[in-house]
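One structure is given here, and the rest of the page talks about it.
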Amino acid sequence: MPYLDMQGITRLYPENGVLANDHVDFSVERNEIHAVVGENGAGKTTLMKILYGLERPDEGRILLDGREADLHSPLDAHRLGIGMVHQHFRLIPEFTIAENVVLGVEPRRRGVFFDREGAVSDVRAVIEEYGFTIDPGLRVSRLTVGQMQLVEIIKILYRRADLLILDEPTSVLTEQQIHKLFDTLRSLRDIGKTIIIITHKLGEVKAISQRVTVMRKGQVVAVRDTAAVDERELSRLMVGKSVSFAFEREPVPRGRAVLELQGVVLLQKGQDHPLLDHVDLSVHAGEIVGVAGVSGNGLAELEDVVTGLRRVSEGRILHDGRDITRLDARHLRRHGLAYVPADRLHRGSSLQSSVMENMIIAAHHDFLKGGVFRRQEVEDFARRLKEGFSIDGDPRVPIGTLSGGNIQKVILSRELASKTDFIIFSEPTWGLDVASSEFIYSRILEIRKEGNAVLLISSNLDEIMGLADTLVVMYRGRVVARLENGPGVSKELVGEYMLGLRDDFEGEPR
Amino acid sequence: MRGSEFSIPLLHNTIGIMTPFLLAAVGGLFTELAGMLNIALEGLMLFGAFFAIVFAGYTGSLLAGVLFGVLFALAAAALFGFISLYLKANVFIAGLATNLLASGLTIVLAFQLFGNKGVIRFDVARLPTLSIPALNRIPVLGDLLLGHSVFVYVSWAIVAVAAVVINRTPFGLRIRGTGLSSATIASLGLKPRVYQLAGILISGFTCGLAGAMLTLNLGAFIPNVTSGRGWIALVAIYLGNKTPWGIVIAAFVFGFAESLSNYAQGATNVPADFILAFPYLITVLAMIGYSIWRYYKARA
Amino acid sequence: MRRRKPLGELFAGATGLALTLGIAFAIAVLLIFTLSRRPMNTIYYFFVGPFTNKYYFGNMLNTSIPLVFTGLGIAVAFKSSVFNLGGEGQVYSGALVGTAICLALPAAGGYLGGAAALAGALATGAVLAGLSGFFRMKWGTDELISSFLISAAVIFIVNYFITGPLDDPGNNLLATRAIGEQYRLLGIFPPSKLDVSAVFSLLAAGLVFFLMYYTHWGYEMRMCGLNREFSRYGGINVSAYIVLPMILSGALHGLAGGVAILGTYHMAVKEFSGGMGWNGIAVALIAKNHPLGVVPAAVFFAYLDAGAKAAMLHSDVTFEIAAVVQSVIFYLVTAQALYSAVRRRAGAPA
C-alpha cells in the first residue's frame with residue numbers, strides 16, 4: 001500500500017478557466033524520494049498545494065497510510081505530518097531563525113509568555129538531531145539563500161513531518177549548496193522520511209530520486225523508476241509530441257555590432273554569487289542571438305539589465321559603439337530599443353487600459369498636436385497595427401479581455417512600429433498556441449532579414465535552436481558557451497551547457 | 001518666572017495631557033504592527049468619550065461610565081474591522097467613515113437625549129487622583145509622578161503590558177509577523193485577518209479609555225471633544241517608530257507642546273498656534289530624514 | 001468546493017451605486033423615524049426641502065462648488081495613484097492667501113485682483129502638495145502621511161494669522177477683514193448665495209476631464225496610475241508623475257479655498273473650510289474618480305447637507321443627521337470602491 005495515495009484529484013481555477021489538475025492519480029511509497037516533473041503550468045504546484053492544504057480539490061480524495069485525509073488548511077497538513085518548503089520562501093527576515101521555525105507552535109512559559117530561550121534550545125535540538133550546523137539565534141535577514149532554505153526544512157522537521165514536499169528547491173542555490181541539500185535529503189530518507197521533490201531539472205531527478213512522475217497540462221502522463229529512464233525520454237514525456245516549426249532561416253549578411261555587453265556584472269545584497277558574472281555578449285545587424293538557460297541562471301537579470309530596468313554593478317553596454325550603460329528604460333526607448341518582455345501582463349501591458357492606449361505607449365508623442373491627442377490619427381494607427389498583425393477585437397476594449405496570443409501580438413506590433421534597430425524578445429511564445437507562435441516566429445525572422453539586431457532570451461530550446469544564428473548559454477550568471485548555430489550543435493549539447501555539465505568555454509565563439 | 005516654578009507644573013500637566021494620546025496610540029500600535037493603517041482612532045475615542053459620560057451620569061458610577069465607553073468604542077471598532085477585513089473595504093475610507101459617524105452620531109444622540117448640541121454638564125463625581133502624602137514630599141519626582149488622575153496610572157500599566165505582549169508573547173510575535181509578511185503567516189495555517197481584527201479591537205479598547213478620560217475629567221460632553229487627538233495619536237505612532245517606548249516619548253512631545261501652548265500666553269513670545277504646529281513639523285522632518293537615510297543606505 | 005463570493009462584490013457596479021444610495025436613504029428615513037416626533041414632516045423637509053425655494057436650492061448648489069474642486073483634486077491624485085491627504089490644509093491656506101492678496105492690493109480692478117487672488121490660492125495649494133510629492137519622488141517618503149502632517153501644521157499656522165495679525169477687531173468674529181466689494185463674485189441666483197463660481201466649477205470639471213482623457217499629460221498620468229512598471233518600460237518619466245499629480249491636486253484644493261472666499265465668505269473666518277478636504281475624498285469616491293462624475297457627486301453631498309439643514313430649521317431633528325448618512329455612504333461605497341479604478345499604491349518609487 002502506498003504511503004501517500006492521491007486519487008482523481010481535479011482542480012479548476014474559475015478565474016481563468018484553467019484546469020490545473022485533471023483527474024490526477026499520484027502515489028508515493030514510504031521512504032522514497034519521488035520527483036514530480038513537468039513544464040511551467042503542468043499542474044505540479046497545484047497538486048502539492050492541495051496536498052498541503054493550501055487549496056481544496058474540486059474532486060478526488062487523499063489517502064495517507066490508508067486513511068482518508070481531510071485537508072482544510074496547512075494546520076491539518078502539519079497534524080498529519082506533511083510539510084512543504086515553498087519555492088518562494090515564507091520567512092520573516094526581521095525575525096530570528098528560531099522565531100521563524102516556531103511561529104504558530106510557539107513554546108510557552110506559564111501559558112501566556114513566549115518561551116524564547118526554550119524555542120532556541122528546542123530548535124537547536126532539532127538542528128543537532130539532523131546533523132545540521134546553524135545558529136538558531138541568527139536573524140534570517142543575515143542568512144544566505146542556501147541557509148534560508150535550510151531554515152525552511154528545519155521548520156517542517158520541527159513539526160515532526162514525515163512527508164516533506166520541496167517545490168523547486170534548487171532554483172536559487174549554488175552548485176555546492178545543491179550538493180549539500182541532496183546529502184541532507186538522502187539522510188532524511190535514510191532515517192525514515194518520505195520526500196517529494198518538484199523540479200524541472202532533469203539532471204537532478206536522475207541524481208536524487210527513486211521514482212519520477214511526469215505531468216503535462218494537468219495530467220499525469222507517466223510514472224517511472226528513475227533508474228529505468230534517461231533525461232531524453234523524460235524530456236520527451238514532458239513536452240509530448242515535439243512540435244517542430246518549420247523555420248526557414250536563410251543566410252543574411254551580418255553587419256556591425258549593434259548591441260554589445262562588456263564584462264557586465266550584476267550583484268545583489270544577500271546573494272552569494274553575482275547574478276550576472278562578467279557577461280560578454282554582442283548582437284550584430286541581421287543576427288539573432290539566442291540566449292538559452294534554465295530559469296534562475298541569469299536570463300531574467302540579463303533582460304532587466306539590457307532593457308535599462310536594472311543598473312549593472314560593473315561593465316559596459318554599448319549601442320552602436322555609444323555607451324548606454326547608465327541609461328534608464330525611458331532613454332533607451334529614444335535610442336531605438338524595442339522590447340517584448342517576458343512578463344506580458346504587468347510589464348508589457350496595462351491590463352485595464354484599452355488596446356489603443358496600450359499600442360501608443362511608446363509612440364504617443366507622435367499623435368499630439370499642442371499636447372492634445374488627435375483621436376483620428378490614433379485610431380488609424382491602431383487599425384493599421386491590428387490589420388498588419390491580425391489582431392481580433394475592437395481596439396477600444398481593455399486589453400485584459402484579449403487572449404494571450406492577441407495580447408502578445410499587440411505588444412509585438414507596438415514594438416515593431418517604433419523606429420528601431422535592435423529588439424529584445426524574452427520568452428515570446430510562452431503560453432501561446434501554435435498559430436500565434438508561428439506568427440511570431442515569422443515576424444522575428446522578418447525583422448532579422450531587414451537588418452535589425454535581435455536578442456532572443458528564452459527557456460524554450462526548440463525556439464532558440466530554430467531561430468538563432470548564434471547561441472549563447474548562461475549558467476549561474478555566466479556565459480558558458482557561445483556557438484554558431486549549425487548542424488554540429490544539437491539540443492543535447494546545448495542542454496549539457498545549460499545544466500552546467502560542460503566546462504570548456506574559452507570565451508570565443510566556435 | 002523662575003525656572004523650576006515654571007517647569008514642574010508644566011511637566012506635571014504634560015503627563016496628564018499626554019495620556020489620551022498615549023492610550024490611543026498604544027492601541028493603534030497594534031493595528032499598525034498587524035499591517036493596517038488605522039485612522040479611526042479619533043472616531044473611536046469620540047465614541048468612548050460620549051458614552052462614558054452619558055452612562056456615568058445615568059448610573060452615577062464612574063466605573064460604569066468607563067465600562068460603557070469602552071464597550072461602545074469596541075462596537076465601533078468591530079464595525080470598522082468587519083467592513084475593512086471582511087467586506088474588503090479600503091481601510092482608509094472606512095476609517096474616515098468611522099470618524100464621521102462618531103462625530104455625527106454623538107451630536108445627534110446628544111441632541112436627542114439632552115436637547116442640547118453644545119456643552120452638556122453631567123453630575124458625576126470627580127475622577128480619583130493618586131496622592132500618597134509620604135511620597136508627595138519627595139522633591140521633583142513626587143510632584144511629577146503623583147497627583148495624577150487614575151487614568152494616567154492605568155495608561156502606564158497598559159503601556160507596560162503592551163510592551164510585554166508585543167515582545168514576549170506568541171500573540172505579539174504573530175501580530176508582528178502578520179504586518180511583516182501576511183503570506184508567511186497564512187502559509188503556517190494561521191489567519192492574518194484574525195490578528196488584524198485583534199489589532200483593531202485593541203485600539204477600540206484603548207481609544208475608549210482615552211475618550212472616557214477626556215469627558216470624565218471635564219464632567220461634561222463637548223461636541224468633538226477629541227479635537228484631533230486621534231490624529232495626533234496616529235502621528236505619535238510613526239514618530240515613535242512603532243514601538244511602545246517610542247510612542248511614550250512621542251506622546252510626551254505632543255503633550256508638552258499642548259501644555260506649553262497653554263502657558264505660552266504671556267510667558268513667551270511664540271504664539272500658541274506655532275507651538276501646536278511644531279510637533280507635526282518635526283514629525284514630517286523626522287520622516288523625511290529617515291527616508292533620506294534609508295535611501296542612501298540602500299544604495300551603498 | 002467553491003469559495004463564497006465576497007460580500008463586497010455584491011456592491012460593485014452602477015447598480016451597486018443605486019443600491020448604496022438606496023440603503024443610505026433607508027437609513028436616513030430610519031433615523032428620522034427614531035429621532036423625530038414629526039417624522040413625516042421631517043422626511044419631507046429632508047428629502048424635498050432643498051428644492052422648495054430659491055434660497056435653499058441656490059445655497060445647496062453653492063455648497064457643492066468647493067466640493068467640486070476638492071473632488072477633482074482627489075480624483076486627479078487617485079487616478080495617478082498618489083495620495084493627497086492634505087486637502088484641508090491646502091484649501092484653508094489657499095483661502096487665506098487669496099484673502100490676503102485682495103486685502104493687500106490697493107483698490108485695483110476687480111478682475112485683475114480677483115485673478116491674482118485665485119492664482120495665489122492655487123499656487124499655495126500646489127506648493128504644499130507638491131512638497132509631499134517631491135519628497136516621495138526623491139526619497140520615497142510616504143506622501144499620504146507627509147501631506148497630512150504638513151496640512152495639520154499649516155492649519156495651525158493659518159489659524160494664527162486669522163486670529164492674530166490679520167484679525168479684524170471690527171467684526172465680532174475670528175476672521176480677517178472683508179475683501180473689497182470689487183473682488184466679490186457676482187451672485188447669480190438671489191436671494192441665495194449662489195454665485196458665478198458655479199460656472200468656474202463646471203469649467204474646472206470640464207478642463208480636468210479634457211486634460212485626463214484628451215491630452216498627453218493626462219494619458220501619461222493615467223498610465224502611471226494604472227501600471228507604473230509598464231509606463232516606465234514604455235518610456236514615460238514615471239518620477240515626474242509622482243510630483244505633477246500632487247501639484248495639480250494641491251492646486252485644485254487651493255482654488256477651492258480661493259473660490260469660496262471670493263464667492264461666498266468674503267473673509268477668512270477661522271476654520272470656515274473644515275470638511276471641504278475630507279468631503280472631497282468622499283465625492284471623488286462616489287464619482288469613481290471620474291472628473292465629470294464629480295459634479296453630480298458634489299451636488300449630492302451638498303444635497304444631503306441642505307436637506308439636513310432644512311429639516312433642522314423646519315422640524316425637530318439636528319443637522320448632524322447628514323453626517324451619519326454620509327458615513328453610511330462612505331462605508332457602502334468603499335466596500336465596492338475596491339472593484340473600481342482606485343488603485344493601491346504601487347510601492348517603491350520609480
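Scheme for the C-alpha cells: letters A, B, ... for chains in order shown; per-chain residue numbers from 1; ligand numbers from 1 in order shown.
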
Give me the residues within 9 Å of C:Leu174 as a compact mmCIF listing (two decimals) with C-alpha atoms, in the first residue's frame, counting only C-alpha atoms and dropping any in the same chain fewer than 5 places off.
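Done, and the output landed in part-v5.txt:
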```txt
# COMPACT_ATOMS: atom_id res chain seq x y z
CA ILE C 162 -6.51 84.81 11.15
CA THR C 163 -6.82 85.25 14.88
CA GLY C 164 -3.68 87.33 15.21
CA ASP C 167 -7.77 89.57 12.60
CA ASP C 168 -10.28 92.32 12.14
CA PRO C 169 -11.22 93.66 15.53
CA ALA C 268 -11.22 84.25 6.01
CA VAL C 269 -13.05 83.02 9.06
CA LYS C 270 -11.31 80.67 11.42
```

Residue list for chain C near chain B as a PyMOL selection string, 6 Å, only C-alpha atoms: chain C and resi 7-8+139+141+146+149+153+156+160+320+323-324+327+330-331+334-335

Next, the residues of the selection above should be written as an mmCIF file, in the first residue's frame with C-alpha atoms.
```cif
data_model
loop_
_atom_site.group_PDB
_atom_site.id
_atom_site.type_symbol
_atom_site.label_atom_id
_atom_site.label_comp_id
_atom_site.auth_asym_id
_atom_site.auth_seq_id
_atom_site.Cartn_x
_atom_site.Cartn_y
_atom_site.Cartn_z
ATOM 1 C CA LEU C 7 -19.997 40.241 0.050
ATOM 2 C CA GLY C 8 -18.180 43.250 -1.283
ATOM 3 C CA TRP C 139 13.427 59.647 -1.207
ATOM 4 C CA THR C 141 8.710 59.365 1.835
ATOM 5 C CA SER C 146 3.587 63.720 4.864
ATOM 6 C CA LEU C 149 1.250 66.266 8.571
ATOM 7 C CA ALA C 153 0.723 72.106 10.796
ATOM 8 C CA PHE C 156 -2.471 75.918 12.965
ATOM 9 C CA TYR C 160 -2.598 82.077 13.970
ATOM 10 C CA GLU C 320 -25.726 66.156 12.132
ATOM 11 C CA ALA C 323 -23.043 63.286 8.860
ATOM 12 C CA VAL C 324 -24.456 59.942 9.916
ATOM 13 C CA SER C 327 -20.713 57.998 6.908
ATOM 14 C CA PHE C 330 -18.750 56.127 2.823
ATOM 15 C CA TYR C 331 -18.876 52.632 4.273
ATOM 16 C CA THR C 334 -15.766 51.787 -0.111
ATOM 17 C CA ALA C 335 -16.851 48.193 0.055
#
```

Selection near stretch 115-129 of chain A, 9 Å with only C-alpha atoms, sequence-local residues under 2 positions removed, as a VMD selection string: (chain A and resid 97 to 99 101 to 102 106 to 110 113 131 to 137 154 to 155 157 to 158) or (chain B and resid 168 to 170)

Residues at most 6 Å from B:Ala52, counting only C-alpha atoms, excluding those fewer than 4 positions away in the same chain, as an MDAnalysis selection string? chainID B and resid 48 56 65:66 68:69 212

Please provide as a list in words all residues within 10 Å of A:Asn21, with the sequence filter that same-chain residues fewer than 4 positions apart are discarded (counting only C-alpha atoms). Gly8, Ile9, Thr10, Arg11, Leu12, Tyr13, Asp25, Ala42, Gly43, Lys44, Thr45, Thr46, Leu47, Pro57, Asp58, Glu59, Met215, Arg216, Lys217, Gly218, Gln219 and Val220 of chain A
